[in-house]
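Shown next: protein-v3.cif, containing mmCIF, C-alpha atoms.
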```cif
data_my_file
#
loop_
_atom_site.label_atom_id
_atom_site.label_comp_id
_atom_site.auth_asym_id
_atom_site.auth_seq_id
_atom_site.Cartn_x
_atom_site.Cartn_y
_atom_site.Cartn_z
CA MET A 30 -6.81 -5.51 23.63
CA ILE A 31 -5.68 -2.54 25.65
CA ASN A 32 -7.70 0.59 25.87
CA PHE A 33 -5.54 3.33 24.44
CA GLU A 34 -6.33 6.99 24.08
CA TYR A 35 -6.97 8.35 20.61
CA ARG A 36 -6.36 11.88 19.40
CA LYS A 37 -6.63 13.35 15.93
CA PRO A 38 -4.72 16.63 15.74
CA THR A 39 -5.47 19.01 12.88
CA SER A 40 -2.06 20.65 12.79
CA LEU A 41 1.48 19.33 12.69
CA GLU A 42 2.35 21.42 15.73
CA GLU A 43 -0.38 19.75 17.75
CA ALA A 44 0.85 16.31 16.65
CA GLN A 45 4.44 17.18 17.58
CA ASN A 46 3.37 18.39 21.01
CA LEU A 47 1.45 15.17 21.68
CA ARG A 48 4.45 13.14 20.59
CA ALA A 49 6.77 15.22 22.79
CA GLU A 50 4.44 14.53 25.71
CA TYR A 51 3.95 10.78 25.20
CA GLY A 52 7.13 9.72 23.36
CA PHE A 53 7.31 6.02 22.55
CA ALA A 54 4.24 5.38 24.72
CA SER A 55 2.37 6.87 21.76
CA HIS A 56 2.15 5.63 18.22
CA PHE A 57 1.39 7.55 15.04
CA LEU A 58 -1.56 6.26 13.06
CA MET A 59 -1.99 6.78 9.33
CA GLY A 60 -3.59 3.89 7.38
CA GLY A 61 -3.26 1.63 10.42
CA THR A 62 -3.11 -1.50 8.27
CA ASP A 63 0.02 -2.72 10.06
CA LEU A 64 -0.57 -0.95 13.36
CA THR A 65 -3.99 -2.31 14.33
CA VAL A 66 -2.91 -5.86 13.45
CA GLU A 67 0.17 -5.53 15.66
CA ILE A 68 -1.87 -4.12 18.52
CA ASP A 69 -4.27 -7.05 18.15
CA GLN A 70 -1.35 -9.48 18.22
CA GLY A 71 -0.01 -7.88 21.39
CA LEU A 72 3.19 -6.75 19.67
CA LEU A 73 2.40 -3.12 20.46
CA SER A 74 0.54 -1.62 23.38
CA PRO A 75 0.47 2.12 22.93
CA GLU A 76 -1.11 4.38 25.54
CA MET A 77 -1.93 6.94 22.90
CA LEU A 78 -2.64 6.80 19.18
CA ILE A 79 -1.97 10.05 17.36
CA ASP A 80 -4.02 9.91 14.15
CA LEU A 81 -2.28 12.06 11.54
CA LYS A 82 -5.11 11.91 9.00
CA GLY A 83 -6.54 15.20 10.26
CA ILE A 84 -3.50 17.14 9.00
CA ASP A 85 -4.39 18.18 5.45
CA ALA A 86 -0.89 19.53 4.71
CA LEU A 87 0.46 15.96 4.78
CA LYS A 88 -1.89 14.70 2.07
CA ILE A 89 -0.27 16.41 -0.90
CA ILE A 90 1.99 15.25 -3.75
CA ARG A 91 3.71 18.31 -5.17
CA GLU A 92 6.21 19.05 -7.87
CA GLU A 93 8.94 21.58 -7.21
CA SER A 94 11.57 22.82 -9.63
CA ASP A 95 13.92 19.92 -9.02
CA GLU A 96 12.03 17.68 -6.61
CA ILE A 97 8.92 15.62 -6.15
CA VAL A 98 7.52 15.85 -2.65
CA ILE A 99 5.24 13.12 -1.29
CA GLY A 100 3.43 14.06 1.91
CA ALA A 101 3.35 11.53 4.73
CA GLY A 102 -0.42 11.20 4.38
CA VAL A 103 -0.41 10.20 0.70
CA THR A 104 -1.89 6.73 0.25
CA PHE A 105 -0.67 4.06 -2.16
CA SER A 106 -3.89 4.44 -4.17
CA GLU A 107 -3.16 8.16 -4.55
CA LEU A 108 0.41 7.40 -5.64
CA ILE A 109 -0.86 4.91 -8.24
CA LYS A 110 -3.29 7.49 -9.67
CA SER A 111 -0.73 10.31 -9.77
CA SER A 112 0.42 10.96 -13.36
CA LEU A 113 3.43 12.80 -11.94
CA ILE A 114 4.59 9.68 -10.08
CA GLN A 115 3.84 7.47 -13.06
CA LEU A 116 6.06 9.56 -15.34
CA ALA A 117 8.80 10.74 -13.01
CA PHE A 118 9.06 7.83 -10.58
CA PRO A 119 7.82 4.71 -12.39
CA SER A 120 9.40 2.21 -9.99
CA LEU A 121 7.36 3.69 -7.14
CA HIS A 122 4.22 3.56 -9.31
CA GLU A 123 4.91 -0.13 -9.92
CA SER A 124 5.76 -1.02 -6.35
CA SER A 125 2.66 0.81 -5.08
CA LYS A 126 0.49 -1.34 -7.34
CA LEU A 127 1.99 -4.44 -5.71
CA VAL A 128 1.17 -3.43 -2.13
CA ALA A 129 -1.44 -5.79 -0.67
CA SER A 130 -4.85 -5.08 -2.23
CA VAL A 131 -7.04 -2.14 -3.24
CA GLY A 132 -8.80 -1.96 0.13
CA VAL A 133 -5.45 -1.72 1.94
CA ARG A 134 -3.87 0.66 -0.59
CA ASN A 135 -6.83 3.04 -0.19
CA VAL A 136 -5.65 3.86 3.34
CA ALA A 137 -2.02 2.67 3.69
CA THR A 138 0.72 5.24 3.09
CA LEU A 139 4.27 5.09 1.75
CA SER A 140 5.53 6.86 4.87
CA GLY A 141 3.79 4.36 7.13
CA ASN A 142 5.26 1.55 5.06
CA ILE A 143 8.85 2.70 5.55
CA CYS A 144 8.35 3.78 9.18
CA HIS A 145 7.10 0.27 9.93
CA ALA A 146 10.50 -0.73 8.50
CA VAL A 147 9.95 -4.42 7.85
CA PRO A 148 12.62 -5.89 5.54
CA SER A 149 10.01 -6.51 2.84
CA ALA A 150 8.63 -2.93 2.76
CA ASP A 151 7.39 -2.43 -0.80
CA GLY A 152 8.20 1.27 -0.88
CA ALA A 153 11.82 0.89 0.19
CA ALA A 154 13.69 -0.30 -2.91
CA PRO A 155 12.33 2.46 -5.21
CA LEU A 156 13.22 5.11 -2.63
CA LEU A 157 16.74 3.66 -2.31
CA ILE A 158 17.48 3.82 -6.04
CA ARG A 159 16.33 7.45 -6.09
CA ASP A 160 18.33 8.46 -3.00
CA ALA A 161 15.18 9.80 -1.33
CA GLU A 162 15.41 12.34 1.45
CA LEU A 163 12.96 12.25 4.34
CA THR A 164 11.86 15.39 6.12
CA VAL A 165 11.88 14.54 9.81
CA SER A 166 10.12 16.90 12.14
CA SER A 167 9.69 17.44 15.88
CA THR A 168 8.98 20.28 18.29
CA ALA A 169 12.67 21.16 17.88
CA GLY A 170 12.26 21.82 14.13
CA SER A 171 12.84 19.75 11.03
CA HIS A 172 15.80 18.22 9.26
CA SER A 173 16.50 15.91 6.39
CA VAL A 174 17.47 12.24 6.68
CA SER A 175 18.70 10.16 3.75
CA ILE A 176 16.79 6.95 3.06
CA HIS A 177 20.21 5.25 3.17
CA ASP A 178 20.53 6.11 6.88
CA PHE A 179 16.89 5.55 7.78
CA PHE A 180 16.59 1.79 8.29
CA GLN A 181 18.46 0.55 11.35
CA GLY A 182 17.22 -3.02 11.58
CA PRO A 183 14.00 -4.99 11.23
CA ARG A 184 11.26 -2.62 12.49
CA LYS A 185 13.89 -0.13 13.61
CA THR A 186 14.42 3.30 12.13
CA VAL A 187 16.65 6.22 12.93
CA LEU A 188 13.64 8.26 14.16
CA SER A 189 13.98 9.32 17.77
CA GLU A 190 11.23 9.44 20.31
CA ASN A 191 9.78 12.84 19.41
CA GLU A 192 10.13 12.67 15.62
CA LEU A 193 7.91 11.93 12.66
CA ILE A 194 8.29 11.96 8.89
CA THR A 195 6.30 14.72 7.23
CA GLU A 196 7.39 14.23 3.64
CA ILE A 197 9.49 12.14 1.28
CA ARG A 198 11.50 14.01 -1.35
CA ILE A 199 12.98 12.65 -4.57
CA LYS A 200 15.17 14.52 -7.03
CA LYS A 201 13.72 14.71 -10.50
CA ASN A 202 15.89 12.98 -13.09
CA LYS A 203 17.19 15.51 -15.60
CA ALA A 204 18.76 12.95 -17.94
CA LYS A 205 16.79 10.24 -19.69
CA PHE A 206 16.45 7.18 -17.49
CA GLY A 207 14.76 3.85 -17.11
CA GLU A 208 13.77 2.10 -13.90
CA HIS A 209 11.72 -0.88 -12.89
CA TYR A 210 10.55 -2.67 -9.75
CA LEU A 211 9.58 -6.28 -9.40
CA LYS A 212 8.28 -8.18 -6.41
CA LEU A 213 8.18 -11.92 -5.97
CA GLY A 214 5.12 -13.08 -4.05
CA ARG A 215 3.29 -16.36 -3.85
CA TYR A 216 0.00 -14.92 -5.08
CA ARG A 217 -1.56 -11.57 -5.80
CA GLY A 218 -3.73 -9.62 -3.46
CA GLU A 219 -2.06 -10.02 -0.13
CA ASP A 220 1.43 -11.31 0.27
CA LEU A 221 4.69 -9.96 1.54
CA ALA A 222 7.59 -9.87 -0.87
CA GLN A 223 10.00 -12.81 -0.89
CA VAL A 224 12.31 -10.69 -2.98
CA GLY A 225 11.83 -7.09 -4.14
CA VAL A 226 14.21 -5.56 -6.69
CA ALA A 227 14.47 -2.05 -8.10
CA VAL A 228 16.99 -1.05 -10.77
CA SER A 229 17.55 2.26 -12.51
CA VAL A 230 19.86 3.20 -15.36
CA ASP A 231 20.56 6.51 -17.05
CA GLU A 232 22.07 7.56 -20.40
CA LYS A 233 25.61 7.33 -19.05
CA PHE A 234 24.89 3.79 -17.90
CA GLN A 235 25.01 4.67 -14.24
CA TYR A 236 23.15 1.91 -12.43
CA LYS A 237 21.40 1.80 -9.11
CA ILE A 238 20.32 -1.50 -7.62
CA ALA A 239 18.26 -2.02 -4.48
CA TYR A 240 16.79 -5.09 -2.81
CA ALA A 241 14.06 -5.60 -0.24
CA ALA A 242 13.08 -8.69 1.76
CA VAL A 243 16.47 -10.41 1.51
CA SER A 244 18.40 -8.68 4.30
CA PRO A 245 17.59 -7.22 7.75
CA VAL A 246 17.01 -3.84 6.10
CA PRO A 247 16.27 -2.96 2.47
CA MET A 248 19.63 -2.22 0.83
CA ARG A 249 21.52 -0.88 -2.16
CA ILE A 250 24.25 -3.06 -3.68
CA PRO A 251 26.91 -0.51 -4.70
CA GLU A 252 29.53 -3.15 -5.56
CA ALA A 253 27.20 -4.67 -8.16
CA GLU A 254 26.41 -1.19 -9.51
CA GLU A 255 30.13 -0.58 -10.03
CA VAL A 256 30.63 -3.75 -12.02
CA LEU A 257 28.08 -2.56 -14.59
CA GLN A 258 28.91 1.13 -14.47
CA GLY A 259 29.50 3.04 -17.69
CA GLN A 260 28.56 0.33 -20.15
CA ARG A 261 25.73 -1.48 -21.74
CA PRO A 262 25.89 -4.73 -19.77
CA ASN A 263 26.92 -7.98 -21.38
CA GLN A 264 26.36 -11.39 -19.91
CA PRO A 265 29.70 -11.83 -18.08
CA GLU A 266 29.22 -8.53 -16.21
CA ILE A 267 25.63 -9.40 -15.39
CA GLU A 268 26.77 -12.76 -14.01
CA LYS A 269 29.43 -11.00 -11.97
CA ALA A 270 26.91 -8.51 -10.60
CA ILE A 271 24.62 -11.39 -9.64
CA GLU A 272 27.52 -13.11 -7.84
CA ILE A 273 28.10 -9.96 -5.81
CA ILE A 274 24.40 -9.51 -5.08
CA LYS A 275 24.15 -13.07 -3.80
CA ARG A 276 27.11 -12.52 -1.52
CA ARG A 277 25.78 -9.22 -0.16
CA VAL A 278 22.21 -10.24 0.65
CA SER A 279 21.37 -12.51 3.57
CA PRO A 280 17.85 -13.87 3.09
CA ILE A 281 16.11 -15.91 5.74
CA ASP A 282 14.15 -19.15 5.62
CA ASP A 283 10.53 -18.63 6.51
CA ILE A 284 7.00 -19.73 5.73
CA ARG A 285 7.09 -17.90 2.38
CA ALA A 286 10.29 -19.26 0.88
CA SER A 287 13.58 -20.94 1.66
CA LYS A 288 16.84 -19.05 1.84
CA GLU A 289 18.17 -20.93 -1.20
CA TYR A 290 15.13 -20.10 -3.30
CA ARG A 291 15.33 -16.42 -2.38
CA LEU A 292 19.04 -16.29 -3.25
CA TYR A 293 18.39 -17.96 -6.60
CA MET A 294 15.52 -15.60 -7.36
CA CYS A 295 17.66 -12.56 -6.50
CA GLY A 296 19.63 -13.38 -9.64
CA VAL A 297 16.70 -14.28 -11.88
CA MET A 298 14.79 -11.15 -10.93
CA PHE A 299 17.83 -8.93 -11.27
CA GLU A 300 18.21 -9.85 -14.93
CA LYS A 301 14.52 -9.26 -15.60
CA VAL A 302 14.48 -5.90 -13.87
CA LEU A 303 17.77 -4.78 -15.40
CA HIS A 304 16.59 -5.52 -18.94
CA ALA A 305 13.24 -3.82 -18.33
CA ALA A 306 15.02 -0.72 -16.99
CA LEU A 307 17.40 -0.66 -19.98
CA GLN A 308 14.48 -1.03 -22.37
CA ARG A 309 12.71 1.89 -20.73
CA MET A 310 15.81 4.03 -20.94
CA HIS A 311 16.07 3.29 -24.68
CA ASP A 312 12.38 4.03 -25.11
CA ALA A 313 12.87 7.36 -23.30
CA GLN A 314 15.81 8.17 -25.57
CA SER A 315 13.83 7.40 -28.69
CA GLY A 316 10.84 9.34 -27.37
CA LYS A 317 8.64 6.31 -27.04
CA LYS A 318 6.21 6.09 -24.18
CA SER A 319 6.76 2.99 -22.12
CA MET B 27 -11.55 5.34 26.65
CA LYS B 28 -14.95 6.25 25.19
CA LYS B 29 -15.29 8.55 22.20
CA GLU B 30 -18.40 10.15 20.75
CA ILE B 31 -18.45 9.68 16.99
CA SER B 32 -20.96 10.22 14.22
CA PHE B 33 -21.07 9.14 10.62
CA ILE B 34 -23.54 8.66 7.80
CA LEU B 35 -24.35 4.97 7.57
CA ASN B 36 -26.26 3.90 4.47
CA GLY B 37 -27.76 7.37 4.18
CA ASN B 38 -28.69 7.82 7.83
CA GLU B 39 -26.85 9.92 10.40
CA VAL B 40 -25.63 7.76 13.27
CA SER B 41 -24.14 9.08 16.53
CA LEU B 42 -22.77 6.73 19.13
CA SER B 43 -20.21 6.24 21.81
CA VAL B 44 -17.41 3.79 21.02
CA SER B 45 -14.38 2.54 22.83
CA SER B 46 -11.17 3.79 21.19
CA ASP B 47 -9.97 0.23 20.58
CA GLU B 48 -13.18 -0.96 18.90
CA LYS B 49 -12.92 -1.82 15.24
CA LEU B 50 -15.34 -0.36 12.73
CA LEU B 51 -16.45 -3.92 11.92
CA GLU B 52 -17.27 -4.65 15.57
CA VAL B 53 -19.34 -1.48 15.85
CA LEU B 54 -21.17 -2.16 12.60
CA ARG B 55 -22.00 -5.76 13.49
CA ASN B 56 -22.37 -5.75 17.27
CA THR B 57 -23.68 -2.27 18.01
CA LEU B 58 -25.52 -1.33 14.84
CA GLY B 59 -26.71 -4.74 13.62
CA ILE B 60 -25.18 -4.39 10.16
CA THR B 61 -24.19 -7.95 9.29
CA SER B 62 -23.18 -7.90 5.62
CA PRO B 63 -19.52 -7.18 6.40
CA LYS B 64 -18.04 -10.35 7.87
CA TYR B 65 -15.27 -11.07 10.34
CA SER B 66 -12.91 -13.58 8.81
CA CYS B 67 -9.12 -13.15 8.88
CA GLY B 68 -9.09 -10.11 11.16
CA LYS B 69 -5.93 -8.85 9.46
CA GLY B 70 -7.23 -7.06 6.38
CA GLU B 71 -6.14 -9.90 4.15
CA CYS B 72 -9.35 -11.53 2.93
CA GLY B 73 -11.75 -8.69 2.11
CA ALA B 74 -14.81 -10.24 3.83
CA CYS B 75 -15.18 -7.12 6.03
CA THR B 76 -15.11 -4.69 3.09
CA VAL B 77 -17.24 -1.54 3.36
CA LEU B 78 -17.21 1.69 1.37
CA LEU B 79 -15.83 4.63 3.33
CA ASP B 80 -16.27 7.91 1.46
CA GLY B 81 -16.69 5.84 -1.71
CA LYS B 82 -13.53 3.75 -1.29
CA THR B 83 -13.30 0.16 -0.15
CA VAL B 84 -11.66 -0.26 3.24
CA ARG B 85 -11.02 -3.22 5.52
CA SER B 86 -13.34 -2.58 8.46
CA CYS B 87 -11.71 -5.32 10.57
CA ILE B 88 -8.47 -3.34 10.86
CA MET B 89 -9.95 0.15 10.95
CA LEU B 90 -10.78 1.70 14.29
CA ALA B 91 -14.34 2.94 14.63
CA VAL B 92 -13.02 6.33 15.79
CA GLU B 93 -11.23 6.70 12.46
CA ALA B 94 -14.61 6.61 10.71
CA ASP B 95 -15.84 9.69 12.57
CA LYS B 96 -17.50 12.20 10.19
CA SER B 97 -17.26 9.87 7.23
CA GLU B 98 -19.87 8.33 4.97
CA ILE B 99 -20.12 4.56 5.16
CA VAL B 100 -22.00 2.32 2.76
CA THR B 101 -22.41 -1.38 3.42
CA LEU B 102 -24.25 -3.87 1.23
CA GLU B 103 -27.45 -3.05 3.18
CA GLY B 104 -27.26 0.54 1.90
CA PHE B 105 -25.95 -0.45 -1.50
CA GLN B 106 -29.12 -2.46 -2.20
CA LYS B 107 -31.49 -0.10 -0.40
CA ASN B 108 -33.61 0.29 -3.53
CA GLY B 109 -33.60 -3.41 -4.40
CA LEU B 110 -31.01 -5.64 -6.02
CA THR B 111 -28.48 -3.71 -8.08
CA ASN B 112 -27.36 -4.70 -11.56
CA ILE B 113 -24.08 -6.02 -10.19
CA GLN B 114 -25.99 -8.33 -7.85
CA LYS B 115 -28.37 -9.48 -10.60
CA VAL B 116 -25.46 -10.40 -12.85
CA PHE B 117 -23.67 -12.15 -9.98
CA LEU B 118 -26.85 -14.17 -9.35
CA LYS B 119 -27.19 -15.04 -13.02
CA HIS B 120 -23.64 -16.44 -13.06
CA ASN B 121 -24.11 -18.24 -9.77
CA ALA B 122 -21.13 -16.22 -8.58
CA PHE B 123 -21.89 -17.03 -4.95
CA GLN B 124 -21.60 -20.42 -3.38
CA CYS B 125 -21.80 -19.96 0.38
CA GLY B 126 -22.13 -16.19 -0.02
CA PHE B 127 -19.80 -15.26 2.82
CA CYS B 128 -17.46 -13.27 0.59
CA ALA B 129 -20.21 -11.81 -1.59
CA PRO B 130 -20.73 -8.42 0.13
CA GLY B 131 -17.00 -7.72 -0.19
CA PHE B 132 -16.86 -8.81 -3.81
CA ILE B 133 -19.90 -6.71 -4.74
CA LEU B 134 -18.57 -3.53 -3.12
CA SER B 135 -15.11 -4.08 -4.63
CA THR B 136 -16.71 -4.58 -8.04
CA ASP B 137 -18.69 -1.37 -7.58
CA GLU B 138 -15.50 0.55 -6.76
CA LEU B 139 -13.66 -0.97 -9.71
CA LEU B 140 -16.39 -0.01 -12.19
CA ARG B 141 -16.60 3.53 -10.86
CA GLU B 142 -12.83 3.97 -11.20
CA ASN B 143 -12.38 2.03 -14.42
CA PRO B 144 -15.63 1.50 -16.36
CA GLU B 145 -14.06 -0.86 -18.89
CA PRO B 146 -11.57 -3.09 -17.08
CA ASN B 147 -10.08 -6.06 -18.93
CA GLU B 148 -9.84 -9.47 -17.31
CA GLU B 149 -6.40 -8.77 -15.88
CA GLU B 150 -7.63 -5.51 -14.31
CA ILE B 151 -10.68 -7.26 -12.87
CA ARG B 152 -8.51 -9.97 -11.33
CA GLU B 153 -6.13 -7.40 -9.90
CA ALA B 154 -8.93 -5.25 -8.44
CA LEU B 155 -10.56 -8.27 -6.79
CA ALA B 156 -7.30 -9.95 -5.72
CA GLY B 157 -7.80 -8.77 -2.14
CA ASN B 158 -11.15 -10.53 -1.83
CA LEU B 159 -10.89 -14.22 -1.05
CA CYS B 160 -13.67 -16.66 -1.86
CA ARG B 161 -13.38 -19.62 0.47
CA CYS B 162 -15.44 -21.76 -1.93
CA THR B 163 -12.91 -20.83 -4.66
CA GLY B 164 -15.69 -19.68 -7.00
CA TYR B 165 -13.48 -17.14 -8.73
CA LYS B 166 -14.23 -18.19 -12.30
CA ASN B 167 -17.91 -17.35 -12.02
CA ILE B 168 -17.19 -14.11 -10.19
CA ILE B 169 -14.79 -12.90 -12.88
CA GLU B 170 -17.27 -13.90 -15.60
CA ALA B 171 -20.02 -11.99 -13.82
CA VAL B 172 -17.91 -8.83 -13.65
CA GLU B 173 -16.97 -9.22 -17.32
CA GLU B 174 -20.64 -9.43 -18.25
CA MET B 175 -21.37 -6.41 -16.08
CA VAL B 176 -18.74 -4.46 -18.02
CA LYS B 177 -20.34 -5.56 -21.29
CA ILE B 178 -23.83 -4.59 -20.15
CA ARG B 179 -22.65 -1.15 -19.07
CA LYS B 180 -20.79 -0.63 -22.33
CA GLU B 181 -23.85 -1.55 -24.40
CA GLY B 182 -26.01 0.67 -22.18
CA ALA B 183 -23.64 3.59 -22.71
CA GLU B 184 -23.71 3.11 -26.48
CA GLN B 185 -27.48 3.23 -26.73
#
```
Reformat the file's structure so that it appears as structure tokens.
Amino acid sequence: MINFEYRKPTSLEEAQNLRAEYGFASHFLMGGTDLTVEIDQGLLSPEMLIDLKGIDALKIIREESDEIVIGAGVTFSELIKSSLIQLAFPSLHESSKLVASVGVRNVATLSGNICHAVPSADGAAPLLIRDAELTVSSTAGSHSVSIHDFFQGPRKTVLSENELITEIRIKKNKAKFGEHYLKLGRYRGEDLAQVGVAVSVDEKFQYKIAYAAVSPVPMRIPEAEEVLQGQRPNQPEIEKAIEIIKRRVSPIDDIRASKEYRLYMCGVMFEKVLHAALQRMHDAQSGKKS
Amino acid sequence: MKKEISFILNGNEVSLSVSSDEKLLEVLRNTLGITSPKYSCGKGECGACTVLLDGKTVRSCIMLAVEADKSEIVTLEGFQKNGLTNIQKVFLKHNAFQCGFCAPGFILSTDELLRENPEPNEEEIREALAGNLCRCTGYKNIIEAVEEMVKIRKEGAEQ
């Protein structure tokens, strides 16, 4: 293993300056659950690790008038325990519970998960169905990037050399809604998704559908959303949506599952997740707690 | 690159110099002689290296030692400083260890679970311990031990 330098800035400015100095020769460190493994495997050989855990401002989940803001330092365990997330962003609550195991979730962050940008990122599909905005910051200032533009390829994001994510922002739903996330793994505790699906539906039957692990980057399937749009779905439309989904995704064969199995499960899981989301929307309309 | 770090280890202040690429597990085992956390998968997948860092279970095989600076670490050595704990006694009663390699991780994960959720059901117990692998596959006895532990605590609280 290489002998990198390690710094733990206590302010964002300090972190930005270090990043400006070292660029891609540095790597940001949050939970490190992906990073240290990749360094060990020789996939990464940073000269400098910039540990962001010393910046307290990044560790906050806050509610604003129309947004929920998740700081880049918020761990999956903190997301799971947040009653705000549980109520206002249930698909993220569910996907967070499916990330690896407790000991990993205690340190791993949602921001780290999406910055690592593997196709199976558990946090991605929920963020896609909520059209999340990412606050990207550098010494030059900060700007917002849509989650839809963020993933550029496996392990590739739109972030440039001097940039980091400081927070993830999601609009609060004003109308009643239902959403659900499901992940297909071989066993619990520590497995990457073979298929990850998130679906949301609101009172006007506007659907949002996102998949992880079955294409080079996590993706929405707008054509399938359109097929269902504006109506309570019946079986022919569901079948049609599944057809479209299967055409749009491009799963790989690997040690976890075959391409054919993943394609088949895209359809099976879609129906499950769709019905769960619809049920939750009805429960919300009738005032029932799901 | 060497870094000076200090942390509280099982109640005692420890200061030492570590290399920035050393894992917490390596420092605990090789430098400090703390052998209850085990090296097994080296990827944070099996839970054998579990320690408590500021009260939460972490995977010490994928955590850098420098990241533990100024924290409080408890390993099984510190956990049982005043003799066997109730969790350990119940695990023993159920013969919840076969080779014992995974036991420190299971015990610390059980401790965290019961602090967070004093009355977990079987599903919650299985979920909380899903990240700890027992290579002897002795899960049944482990789950039963935790279930009894929950029962004992509940009865204790009622008295």
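Close to (-22.7, 2.9, 7.8), meaning no more than 6 Å away when counting only C-alpha atoms, sit the residues Ile34, Leu35, Asn36, Ile99 and Val100 of chain B.
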>> Would you compute the distance between CA of Thr61 in chain B and CA of Glu48 in chain B? Give it in Å to one decimal.
In response: 16.2 Å
> Using only C-alpha atoms, what residues lie at most 12 Å away from (-10.8, 16.9, 7.1) (file coordinates), given as an MDAnalysis selection string?
Replying inline: (chainID A and resid 37:40 81:88) or (chainID B and resid 80 93:97)
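Within the 12 Å cut-off around Glu150 in chain B, using all atoms listed in the file and omitting residues fewer than 6 positions from it on the same chain, the listed residues are Lys126 and Val131 of chain A; Thr136, Leu139, Leu140, Glu142, Asn143, Pro144, Ala156, Ile169, Val172, Glu173 and Val176 of chain B.
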>> Considering only C-alpha atoms, can you say which of B:Ser86, B:Pro63, B:Gly70, B:Lys119 comes closest to Thr101 in chain B?
In response: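 So, comparing all the options, the nearest one is B:Pro63.
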>> Taking 6 positions as the minimum chain separation for residues in the same chain, which residues sit within 7 Å of Met248 in chain A when counting only C-alpha atoms? Answer as a PyMOL selection string.
In response: chain A and resi 239-241
>> I'd like to know which of A:Pro247, A:Gly60, A:Gly296, A:Pro148 is closest to chain B, using all atoms listed in the file.
In response: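 Using all atoms listed in the file, chain B sits closest to A:Gly60.
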> chain B residues within 7 Å of chain A, counting only C-alpha atoms: which ones, as a ChimeraX atom specification?
Replying inline: /B:27,46-47,69,71,82-85,88-89,154,156-157
> Between B:Ile151, B:Ala129, B:Leu54, B:Ala91, which has the minimum distance to Gly164 in chain B (counting only C-alpha atoms)?
Replying inline: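 Result for the nearest residue to Gly164 in chain B: B:Ala129.
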> Could you write out as a PyMOL selection string the residues that the PyMOL selection byres ((chain A and resi 114) around 12) matches in the shown file?
Replying inline: chain A and resi 90-92+96-99+103+105-113+115-125+155+198-199+201
